[in-house]
file target_39.cif (mmCIF, C-alpha atoms and all ligand atoms)
data_target
#
loop_
_atom_site.label_atom_id
_atom_site.label_comp_id
_atom_site.auth_asym_id
_atom_site.auth_seq_id
_atom_site.Cartn_x
_atom_site.Cartn_y
_atom_site.Cartn_z
CA MET A 30 182.97 -163.25 -31.81
CA ARG A 31 183.15 -159.90 -33.50
CA THR A 32 181.36 -156.82 -32.30
CA GLY A 33 181.15 -155.15 -35.66
CA THR A 34 179.01 -152.36 -36.96
CA SER A 35 175.96 -154.54 -37.45
CA LEU A 36 175.77 -155.33 -33.73
CA MET A 37 176.16 -151.66 -32.86
CA ALA A 38 173.43 -150.79 -35.31
CA ALA A 39 171.14 -153.31 -33.69
CA ALA A 40 171.88 -151.84 -30.29
CA ILE A 41 171.12 -148.27 -31.26
CA ASP A 42 167.95 -149.00 -33.21
CA MET A 43 166.33 -151.75 -31.23
CA PRO A 44 162.63 -152.33 -30.75
CA PRO A 45 161.23 -150.25 -27.88
CA THR A 46 162.74 -151.29 -24.56
CA GLY A 47 161.12 -148.48 -22.59
CA TYR A 48 157.68 -150.05 -22.94
CA ASP A 49 157.67 -152.82 -20.39
CA THR A 50 157.00 -153.21 -16.69
CA GLN A 51 160.45 -152.37 -15.38
CA ARG A 52 161.22 -149.08 -13.64
CA LYS A 53 164.34 -147.52 -15.18
CA ILE A 54 165.91 -144.37 -16.56
CA LEU A 55 165.37 -144.40 -20.33
CA ASP A 56 167.88 -143.42 -23.00
CA VAL A 57 166.83 -140.27 -24.85
CA VAL A 58 167.49 -140.75 -28.56
CA LYS A 59 169.31 -137.98 -30.36
CA TRP A 60 168.47 -136.69 -33.83
CA PRO A 61 168.70 -138.12 -36.52
CA HIS A 62 167.55 -141.33 -34.81
CA PRO A 63 164.65 -142.73 -36.92
CA SER A 64 162.40 -143.07 -33.87
CA LEU A 65 161.93 -139.29 -34.00
CA ARG A 66 160.37 -139.57 -37.49
CA ARG A 67 158.36 -142.77 -37.18
CA LYS A 68 154.59 -142.97 -37.01
CA ASN A 69 153.37 -143.05 -33.42
CA GLU A 70 150.50 -145.42 -32.65
CA GLU A 71 147.42 -144.49 -30.62
CA VAL A 72 147.35 -146.13 -27.21
CA THR A 73 144.40 -148.55 -26.92
CA VAL A 74 145.46 -150.58 -23.89
CA PHE A 75 145.76 -148.74 -20.57
CA ASP A 76 147.81 -151.27 -18.67
CA GLU A 77 150.78 -151.64 -16.34
CA LYS A 78 153.18 -151.08 -19.26
CA LEU A 79 151.65 -147.66 -19.90
CA HIS A 80 151.84 -146.77 -16.19
CA MET A 81 155.49 -147.74 -16.08
CA LEU A 82 156.24 -145.78 -19.26
CA ALA A 83 154.76 -142.71 -17.53
CA VAL A 84 156.84 -143.28 -14.39
CA ASN A 85 159.96 -143.83 -16.47
CA LEU A 86 159.36 -140.71 -18.59
CA PHE A 87 159.13 -138.54 -15.46
CA ASP A 88 162.14 -140.25 -13.83
CA THR A 89 164.12 -139.67 -17.02
CA LEU A 90 163.02 -136.02 -17.19
CA ARG A 91 164.11 -135.42 -13.59
CA LYS A 92 167.49 -136.94 -14.36
CA GLU A 93 167.98 -134.81 -17.48
CA GLY A 94 168.84 -131.46 -15.88
CA GLY A 95 166.55 -128.71 -17.11
CA GLY A 96 164.30 -131.05 -19.08
CA VAL A 97 160.64 -130.05 -18.80
CA GLY A 98 159.03 -132.25 -21.44
CA LEU A 99 159.55 -135.60 -23.12
CA ALA A 100 157.55 -137.52 -25.73
CA ALA A 101 157.57 -141.33 -25.96
CA PRO A 102 159.26 -141.44 -29.42
CA GLN A 103 162.23 -139.64 -27.80
CA VAL A 104 162.85 -142.75 -25.74
CA GLY A 105 162.34 -145.04 -28.73
CA VAL A 106 158.72 -145.89 -27.90
CA ASN A 107 156.50 -144.99 -30.87
CA VAL A 108 153.19 -144.39 -29.13
CA ARG A 109 151.17 -141.19 -28.62
CA VAL A 110 152.20 -140.40 -25.05
CA MET A 111 153.86 -137.29 -23.66
CA ALA A 112 155.02 -136.13 -20.24
CA TYR A 113 155.83 -132.60 -19.13
CA PHE A 114 156.10 -130.42 -16.06
CA ASP A 115 153.67 -127.54 -15.77
CA VAL A 116 155.89 -125.09 -13.91
CA GLN A 117 154.05 -122.48 -11.84
CA GLY A 118 156.31 -120.41 -9.61
CA ASP A 119 158.40 -122.89 -7.64
CA LYS A 120 155.88 -125.70 -8.13
CA ALA A 121 156.09 -128.22 -10.99
CA VAL A 122 153.07 -130.40 -11.67
CA GLY A 123 153.66 -133.47 -13.83
CA LYS A 124 151.24 -133.82 -16.77
CA LEU A 125 150.91 -137.11 -18.59
CA LEU A 126 148.82 -137.03 -21.75
CA VAL A 127 147.77 -140.06 -23.79
CA ASN A 128 146.49 -139.74 -27.38
CA PRO A 129 146.31 -135.91 -27.20
CA LYS A 130 144.54 -134.01 -29.98
CA ILE A 131 144.53 -130.29 -30.67
CA ILE A 132 140.87 -129.26 -30.97
CA LYS A 133 141.50 -125.57 -31.55
CA ARG A 134 144.50 -123.27 -31.88
CA GLY A 135 144.64 -119.58 -31.00
CA GLU A 136 145.09 -117.17 -33.89
CA ASP A 137 147.63 -115.08 -31.99
CA THR A 138 151.19 -116.35 -32.05
CA ASP A 139 154.34 -115.55 -30.16
CA VAL A 140 157.96 -116.51 -30.53
CA ASP A 141 160.35 -117.99 -27.98
CA ILE A 142 163.64 -119.85 -27.89
CA GLU A 143 163.20 -123.62 -27.74
CA GLU A 144 165.53 -126.47 -26.92
CA CYS A 145 165.05 -130.23 -27.03
CA LEU A 146 166.61 -133.17 -25.19
CA SER A 147 167.11 -134.88 -28.57
CA PHE A 148 169.22 -131.87 -29.72
CA PRO A 149 171.67 -131.14 -26.88
CA GLY A 150 173.11 -127.62 -27.08
CA ILE A 151 170.95 -126.57 -30.03
CA LYS A 152 168.40 -123.78 -29.67
CA GLY A 153 166.41 -121.38 -31.77
CA PRO A 154 163.26 -119.26 -32.01
CA VAL A 155 159.97 -120.98 -32.84
CA VAL A 156 156.65 -119.26 -33.62
CA ARG A 157 153.59 -120.94 -32.10
CA PRO A 158 149.95 -120.13 -31.27
CA THR A 159 149.64 -118.69 -27.75
CA TRP A 160 146.89 -121.09 -26.68
CA VAL A 161 145.46 -124.47 -27.63
CA GLU A 162 142.37 -126.45 -26.75
CA ILE A 163 143.13 -130.09 -26.18
CA GLU A 164 141.36 -133.37 -25.85
CA ALA A 165 143.50 -136.08 -24.29
CA GLN A 166 143.18 -139.25 -22.29
CA THR A 167 144.52 -139.82 -18.81
CA ILE A 168 146.69 -142.76 -17.88
CA ASP A 169 143.47 -144.60 -17.04
CA GLY A 170 141.86 -143.82 -20.39
CA LYS A 171 139.47 -141.11 -19.20
CA VAL A 172 138.86 -138.37 -21.77
CA ARG A 173 139.62 -134.81 -20.67
CA ASN A 174 139.18 -131.49 -22.48
CA PHE A 175 141.09 -128.41 -21.46
CA ARG A 176 142.64 -125.19 -22.68
CA ILE A 177 146.21 -124.14 -21.96
CA GLU A 178 148.14 -121.00 -22.71
CA GLY A 179 151.52 -119.35 -22.30
CA PHE A 180 154.58 -121.48 -21.63
CA GLN A 181 152.53 -124.63 -21.03
CA ALA A 182 150.89 -124.23 -24.47
CA ARG A 183 154.32 -123.88 -26.08
CA LEU A 184 155.66 -126.89 -24.21
CA PHE A 185 152.62 -128.96 -25.13
CA GLN A 186 152.91 -128.05 -28.82
CA HIS A 187 156.62 -128.93 -28.86
CA GLU A 188 155.89 -132.39 -27.41
CA TYR A 189 152.80 -132.81 -29.59
CA ASP A 190 154.97 -132.23 -32.66
CA HIS A 191 157.12 -135.19 -31.59
CA LEU A 192 154.02 -137.40 -31.75
CA ASP A 193 153.62 -136.37 -35.40
CA GLY A 194 157.30 -136.97 -36.19
CA VAL A 195 158.05 -133.24 -36.24
CA VAL A 196 161.08 -131.83 -34.41
CA PHE A 197 161.66 -128.20 -33.45
CA ILE A 198 164.40 -127.59 -35.99
CA ASP A 199 161.72 -128.13 -38.66
CA HIS A 200 160.31 -124.76 -37.52
CA LEU A 201 163.58 -122.80 -37.49
CA ASP A 202 164.25 -120.17 -40.14
CA GLN A 203 167.30 -120.44 -42.35
CA SER A 204 169.50 -118.09 -40.31
CA SER A 205 168.83 -120.08 -37.10
CA LEU A 206 169.58 -123.31 -38.96
CA ASP A 207 172.81 -121.78 -40.25
CA LYS A 208 173.82 -120.79 -36.70
CA ASN A 209 173.32 -124.38 -35.55
CA LEU A 210 174.73 -126.00 -38.69
CA LEU A 211 177.98 -127.21 -37.12
CA LYS A 212 176.24 -128.71 -34.08
CA LEU A 213 173.67 -130.42 -36.28
CA GLN A 214 176.41 -131.84 -38.46
CA ASN A 215 178.21 -133.07 -35.32
CA GLN A 216 175.05 -134.84 -34.18
CA LYS A 217 174.74 -136.53 -37.56
CA ASN A 218 178.36 -137.65 -37.40
CA GLU A 219 177.96 -138.90 -33.86
CA TYR A 220 174.90 -140.90 -34.85
CA ALA A 221 176.75 -142.41 -37.81
CA ASN A 222 179.83 -143.15 -35.68
CA GLU A 223 177.71 -145.01 -33.14
CA GLY A 224 176.55 -147.24 -36.00
CA GLY A 225 173.06 -145.81 -36.18
CA SER A 226 171.04 -147.21 -39.05
CA GLU A 227 168.71 -145.43 -41.47
CA PRO A 228 169.15 -141.87 -40.16
CA MET A 229 166.37 -139.57 -41.24
CA PRO A 230 166.73 -135.86 -41.90
ZN ZN B 301 161.77 -132.10 -28.12
#
call {"tool": "encode", "arguments": {"input": "target_39.cif", "output": "structure tokens"}}
result
Amino acid sequence: MRTGTSLMAAAIDMPPTGYDTQRKILDVVKWPHPSLRRKNEEVTVFDEKLHMLAVNLFDTLRKEGGGVGLAAPQVGVNVRVMAYFDVQGDKAVGKLLVNPKIIKRGEDTDVDIEECLSFPGIKGPVVRPTWVEIEAQTIDGKVRNFRIEGFQARLFQHEYDHLDGVVFIDHLDQSSLDKNLLKLQNQKNEYANEGGSEPMP
């Protein structure tokens, strides 16, 4: 039996394995994995699989040192679910949002340096509204409306972008992209070397 490129490709771009009933640490896909650009489906069934996805997202975040937010497409599961830690002082409260929508955005913007678990070692300044009003469902399907601001608003918008197939480098200006060019190229090469199929920009 040969373990050629085709097998490797299958392994790296498999159907979602993080969406089942098993508790486990999930693999975070790295750009340019196609999962980061795929359409993410609305969640309509609030079942054990969804609960376990939430548990696994938080477990995975805790394992990834410094990670504060993770969206389902980053673990190869193309559904509209995100998890993040709302950090207040030395307390971190886990937030799990299902089918979130931005109802209203603040007109004021600010800029801050962002990083992403799908882009290890890459960072750059991103301009975003300072607050957003959100409607989202809980893990049990209950609808909640709330307004967030500051760092939590930034974090939410970063993860929300993932649900629309947008990644933070899409927001970087040319000079920031240039600064990260080598690292981005390395990620592309790494993805290709691992036999990744259909990379997307
Ligand atoms: Zn990200």
call {"tool": "closest_atom_pairs", "arguments": {"input": "target_39.cif", "of": "chain A", "to": "ligand ZN 301 (chain B)", "cutoff": "10 Å", "atoms": "all atoms listed in the file", "output": "JSON lines"}}
result
{"residue": "A:Lys59", "atom": "CA", "partner": "B:ZN301", "partner_atom": "ZN", "distance": 9.8}
{"residue": "A:Trp60", "atom": "CA", "partner": "B:ZN301", "partner_atom": "ZN", "distance": 9.9}
{"residue": "A:Leu65", "atom": "CA", "partner": "B:ZN301", "partner_atom": "ZN", "distance": 9.3}
{"residue": "A:Gly96", "atom": "CA", "partner": "B:ZN301", "partner_atom": "ZN", "distance": 9.4}
{"residue": "A:Val97", "atom": "CA", "partner": "B:ZN301", "partner_atom": "ZN", "distance": 9.6}
{"residue": "A:Gly98", "atom": "CA", "partner": "B:ZN301", "partner_atom": "ZN", "distance": 7.2}
{"residue": "A:Leu99", "atom": "CA", "partner": "B:ZN301", "partner_atom": "ZN", "distance": 6.5}
{"residue": "A:Ala100", "atom": "CA", "partner": "B:ZN301", "partner_atom": "ZN", "distance": 7.3}
{"residue": "A:Pro102", "atom": "CA", "partner": "B:ZN301", "partner_atom": "ZN", "distance": 9.8}
{"residue": "A:Gln103", "atom": "CA", "partner": "B:ZN301", "partner_atom": "ZN", "distance": 7.6}
{"residue": "A:Glu143", "atom": "CA", "partner": "B:ZN301", "partner_atom": "ZN", "distance": 8.6}
{"residue": "A:Glu144", "atom": "CA", "partner": "B:ZN301", "partner_atom": "ZN", "distance": 6.9}
{"residue": "A:Cys145", "atom": "CA", "partner": "B:ZN301", "partner_atom": "ZN", "distance": 3.9}
{"residue": "A:Leu146", "atom": "CA", "partner": "B:ZN301", "partner_atom": "ZN", "distance": 5.8}
{"residue": "A:Ser147", "atom": "CA", "partner": "B:ZN301", "partner_atom": "ZN", "distance": 6.0}
{"residue": "A:Phe148", "atom": "CA", "partner": "B:ZN301", "partner_atom": "ZN", "distance": 7.6}
{"residue": "A:Leu184", "atom": "CA", "partner": "B:ZN301", "partner_atom": "ZN", "distance": 8.9}
{"residue": "A:Gln186", "atom": "CA", "partner": "B:ZN301", "partner_atom": "ZN", "distance": 9.8}
{"residue": "A:His187", "atom": "CA", "partner": "B:ZN301", "partner_atom": "ZN", "distance": 6.1}
{"residue": "A:Glu188", "atom": "CA", "partner": "B:ZN301", "partner_atom": "ZN", "distance": 5.9}
{"residue": "A:Tyr189", "atom": "CA", "partner": "B:ZN301", "partner_atom": "ZN", "distance": 9.1}
{"residue": "A:Asp190", "atom": "CA", "partner": "B:ZN301", "partner_atom": "ZN", "distance": 8.2}
{"residue": "A:His191", "atom": "CA", "partner": "B:ZN301", "partner_atom": "ZN", "distance": 6.6}
{"residue": "A:Val195", "atom": "CA", "partner": "B:ZN301", "partner_atom": "ZN", "distance": 9.0}
{"residue": "A:Val196", "atom": "CA", "partner": "B:ZN301", "partner_atom": "ZN", "distance": 6.3}
{"residue": "A:Phe197", "atom": "CA", "partner": "B:ZN301", "partner_atom": "ZN", "distance": 6.6}
{"residue": "A:Ile198", "atom": "CA", "partner": "B:ZN301", "partner_atom": "ZN", "distance": 9.4}
call {"tool": "residues_around", "arguments": {"input": "target_39.cif", "residues": "Val172 of chain A", "least_positions_apart": "2", "cutoff": "12 Å", "atoms": "all atoms listed in the file", "output": "list in words"}}
result
Leu126, Val127, Asn128, Pro129, Lys130, Ile163, Glu164, Ala165, Gln166, Thr167, Ile168, Asp169, Gly170, Asn174 and Phe175 of chain A
call {"tool": "atom_distance", "arguments": {"input": "target_39.cif", "atom1": "atom CA of Ile142 of chain A", "atom2": "atom CA of Leu55 of chain A"}}
result
25.7 Å
call {"tool": "closest_residue", "arguments": {"input": "target_39.cif", "among": "A:Arg176, A:Lys171, A:Lys152, A:Arg91", "to": "Asp202 of chain A", "atoms": "all atoms listed in the file"}}
result
A:Lys152
call {"tool": "closest_residue", "arguments": {"input": "target_39.cif", "among": "A:Leu211, A:Ala112, A:Leu192, A:Val161", "to": "Leu90 of chain A", "atoms": "all atoms listed in the file"}}
result
A:Ala112
call {"tool": "axis_aligned_box", "arguments": {"input": "target_39.cif", "around": "segment 202-215 of chain A", "padding_each_side": "6 Å", "output": "lines of an AutoDock Vina configuration file"}}
result
center_x = 171.2
center_y = -125.6
center_z = -38.2
size_x = 26.0
size_y = 27.0
size_z = 20.3
call {"tool": "atom_distance", "arguments": {"input": "target_39.cif", "atom1": "atom CA of Val57 of chain A", "atom2": "atom CA of Leu82 of chain A"}}
result
13.2 Å
call {"tool": "atom_distance", "arguments": {"input": "target_39.cif", "atom1": "atom CA of Glu162 of chain A", "atom2": "atom CA of Leu125 of chain A"}}
result
15.9 Å
call {"tool": "closest_residue", "arguments": {"input": "target_39.cif", "among": "A:Pro154, A:Ala101, A:Ile132, A:Val84", "to": "Ser205 of chain A", "atoms": "only C-alpha atoms"}}
result
A:Pro154
call {"tool": "residues_around", "arguments": {"input": "target_39.cif", "residues": "Glu136 of chain A", "least_positions_apart": "4", "cutoff": "12 Å", "atoms": "all atoms listed in the file", "output": "PyMOL selection string"}}
result
chain A and resi 156-161
call {"tool": "closest_residue", "arguments": {"input": "target_39.cif", "among": "A:Arg183, A:Gln203, A:Ala121, A:Glu223", "to": "Phe87 of chain A", "atoms": "only C-alpha atoms"}}
result
A:Ala121
call {"tool": "residues_around", "arguments": {"input": "target_39.cif", "residues": "Thr50 of chain A", "least_positions_apart": "2", "cutoff": "12 Å", "atoms": "only C-alpha atoms", "output": "list of chain:residue names"}}
result
A:Thr46, A:Gly47, A:Tyr48, A:Arg52, A:Lys53, A:Asp76, A:Glu77, A:Lys78, A:Leu79, A:His80, A:Met81, A:Leu82, A:Ala83, A:Val84, A:Asn85
call {"tool": "decode", "arguments": {"input": "target_39.cif", "residues": "segment 52-188 of chain A", "atoms": "C-alpha atoms", "output": "compact mmCIF listing (two decimals), in the first residue's frame"}}
result
# COMPACT_ATOMS: atom_id res chain seq x y z
CA ARG A 52 -14.78 14.97 23.69
CA LYS A 53 -11.39 15.81 22.18
CA ILE A 54 -8.90 18.53 21.39
CA LEU A 55 -9.57 19.69 17.83
CA ASP A 56 -6.99 20.49 15.16
CA VAL A 57 -6.97 24.18 14.27
CA VAL A 58 -6.68 24.53 10.49
CA LYS A 59 -4.09 26.95 9.18
CA TRP A 60 -4.59 29.32 6.26
CA PRO A 61 -4.97 28.66 3.30
CA HIS A 62 -7.08 25.65 4.33
CA PRO A 63 -10.37 25.88 2.35
CA SER A 64 -12.47 25.47 5.50
CA LEU A 65 -11.62 29.09 6.33
CA ARG A 66 -13.32 30.28 3.11
CA ARG A 67 -16.30 27.92 2.91
CA LYS A 68 -19.90 28.91 3.51
CA ASN A 69 -20.92 28.26 7.11
CA GLU A 70 -24.39 26.82 7.66
CA GLU A 71 -26.88 28.11 10.24
CA VAL A 72 -27.36 25.73 13.14
CA THR A 73 -30.94 24.40 13.23
CA VAL A 74 -30.52 21.40 15.52
CA PHE A 75 -29.47 22.08 19.12
CA ASP A 76 -28.33 18.62 20.07
CA GLU A 77 -25.57 16.71 21.84
CA LYS A 78 -23.26 17.23 18.86
CA LEU A 79 -23.54 21.00 19.25
CA HIS A 80 -22.90 20.75 23.01
CA MET A 81 -19.81 18.67 22.41
CA LEU A 82 -18.57 21.07 19.71
CA ALA A 83 -18.82 23.87 22.30
CA VAL A 84 -16.94 21.85 24.92
CA ASN A 85 -14.28 20.91 22.38
CA LEU A 86 -13.87 24.50 21.16
CA PHE A 87 -13.21 25.70 24.72
CA ASP A 88 -10.91 22.75 25.49
CA THR A 89 -8.98 23.50 22.31
CA LEU A 90 -8.77 27.22 23.14
CA ARG A 91 -7.39 26.45 26.61
CA LYS A 92 -4.77 24.19 25.07
CA GLU A 93 -3.71 26.81 22.51
CA GLY A 94 -1.69 29.14 24.74
CA GLY A 95 -2.94 32.71 24.50
CA GLY A 96 -5.94 31.83 22.34
CA VAL A 97 -9.02 33.83 23.33
CA GLY A 98 -11.40 33.05 20.47
CA LEU A 99 -12.13 30.29 17.99
CA ALA A 100 -14.77 29.89 15.28
CA ALA A 101 -16.07 26.49 14.15
CA PRO A 102 -14.67 26.77 10.58
CA GLN A 103 -11.20 27.02 12.17
CA VAL A 104 -11.59 23.44 13.34
CA GLY A 105 -12.98 22.33 9.98
CA VAL A 106 -16.64 22.49 11.05
CA ASN A 107 -18.53 24.82 8.70
CA VAL A 108 -21.37 25.95 10.95
CA ARG A 109 -22.15 29.37 12.46
CA VAL A 110 -20.75 28.80 15.95
CA MET A 111 -18.07 30.72 17.81
CA ALA A 112 -16.44 30.50 21.22
CA TYR A 113 -14.42 33.15 23.03
CA PHE A 114 -13.30 34.22 26.47
CA ASP A 115 -14.57 37.53 27.75
CA VAL A 116 -11.57 38.55 29.83
CA GLN A 117 -12.32 40.95 32.68
CA GLY A 118 -9.39 41.52 35.03
CA ASP A 119 -8.20 38.07 36.06
CA LYS A 120 -11.55 36.45 35.25
CA ALA A 121 -12.33 34.86 31.87
CA VAL A 122 -15.94 34.03 31.09
CA GLY A 123 -16.53 31.63 28.20
CA LYS A 124 -19.05 32.87 25.60
CA LEU A 125 -20.56 30.48 23.11
CA LEU A 126 -22.63 32.07 20.37
CA VAL A 127 -24.74 30.19 17.82
CA ASN A 128 -25.99 31.86 14.61
CA PRO A 129 -24.83 35.34 15.72
CA LYS A 130 -25.95 38.38 13.72
CA ILE A 131 -24.72 41.94 13.94
CA ILE A 132 -27.81 44.13 14.38
CA LYS A 133 -25.99 47.45 14.61
CA ARG A 134 -22.39 48.66 14.45
CA GLY A 135 -20.96 51.74 16.15
CA GLU A 136 -19.83 54.55 13.89
CA ASP A 137 -16.65 55.13 15.89
CA THR A 138 -13.75 52.86 15.06
CA ASP A 139 -10.43 52.07 16.66
CA VAL A 140 -7.39 50.14 15.60
CA ASP A 141 -5.54 47.34 17.39
CA ILE A 142 -3.09 44.58 16.61
CA GLU A 143 -4.79 41.25 15.91
CA GLU A 144 -3.55 37.70 15.72
CA CYS A 145 -5.29 34.46 14.78
CA LEU A 146 -4.76 30.79 15.66
CA SER A 147 -5.02 29.99 11.93
CA PHE A 148 -2.05 32.35 11.27
CA PRO A 149 0.62 31.47 13.86
CA GLY A 150 3.16 34.27 14.31
CA ILE A 151 1.38 36.71 12.00
CA LYS A 152 -0.05 39.96 13.35
CA GLY A 153 -1.18 43.34 12.15
CA PRO A 154 -3.42 46.34 12.83
CA VAL A 155 -7.13 46.05 12.06
CA VAL A 156 -9.69 48.89 12.15
CA ARG A 157 -13.07 47.93 13.61
CA PRO A 158 -16.18 49.61 15.07
CA THR A 159 -15.82 50.07 18.84
CA TRP A 160 -19.19 48.49 19.66
CA VAL A 161 -21.73 46.13 18.13
CA GLU A 162 -25.27 45.09 18.91
CA ILE A 163 -25.77 41.38 18.50
CA GLU A 164 -28.55 38.87 18.26
CA ALA A 165 -27.41 35.31 18.85
CA GLN A 166 -28.70 32.00 20.05
CA THR A 167 -27.49 30.11 23.10
CA ILE A 168 -26.44 26.50 23.01
CA ASP A 169 -30.05 25.63 23.80
CA GLY A 170 -31.43 27.76 20.97
CA LYS A 171 -32.69 30.67 23.07
CA VAL A 172 -32.44 34.04 21.32
CA ARG A 173 -30.46 36.74 23.13
CA ASN A 174 -29.81 40.38 22.24
CA PHE A 175 -26.91 42.29 23.71
CA ARG A 176 -24.41 45.05 23.09
CA ILE A 177 -20.66 44.67 23.57
CA GLU A 178 -17.81 47.11 23.34
CA GLY A 179 -14.06 47.41 23.69
CA PHE A 180 -11.89 44.32 23.43
CA GLN A 181 -14.87 41.95 23.52
CA ALA A 182 -16.41 43.76 20.53
CA ARG A 183 -13.14 43.41 18.61
CA LEU A 184 -12.84 39.75 19.52
CA PHE A 185 -16.44 39.08 18.54
CA GLN A 186 -16.01 40.80 15.16
CA HIS A 187 -12.83 38.83 14.44
CA GLU A 188 -14.64 35.53 15.10
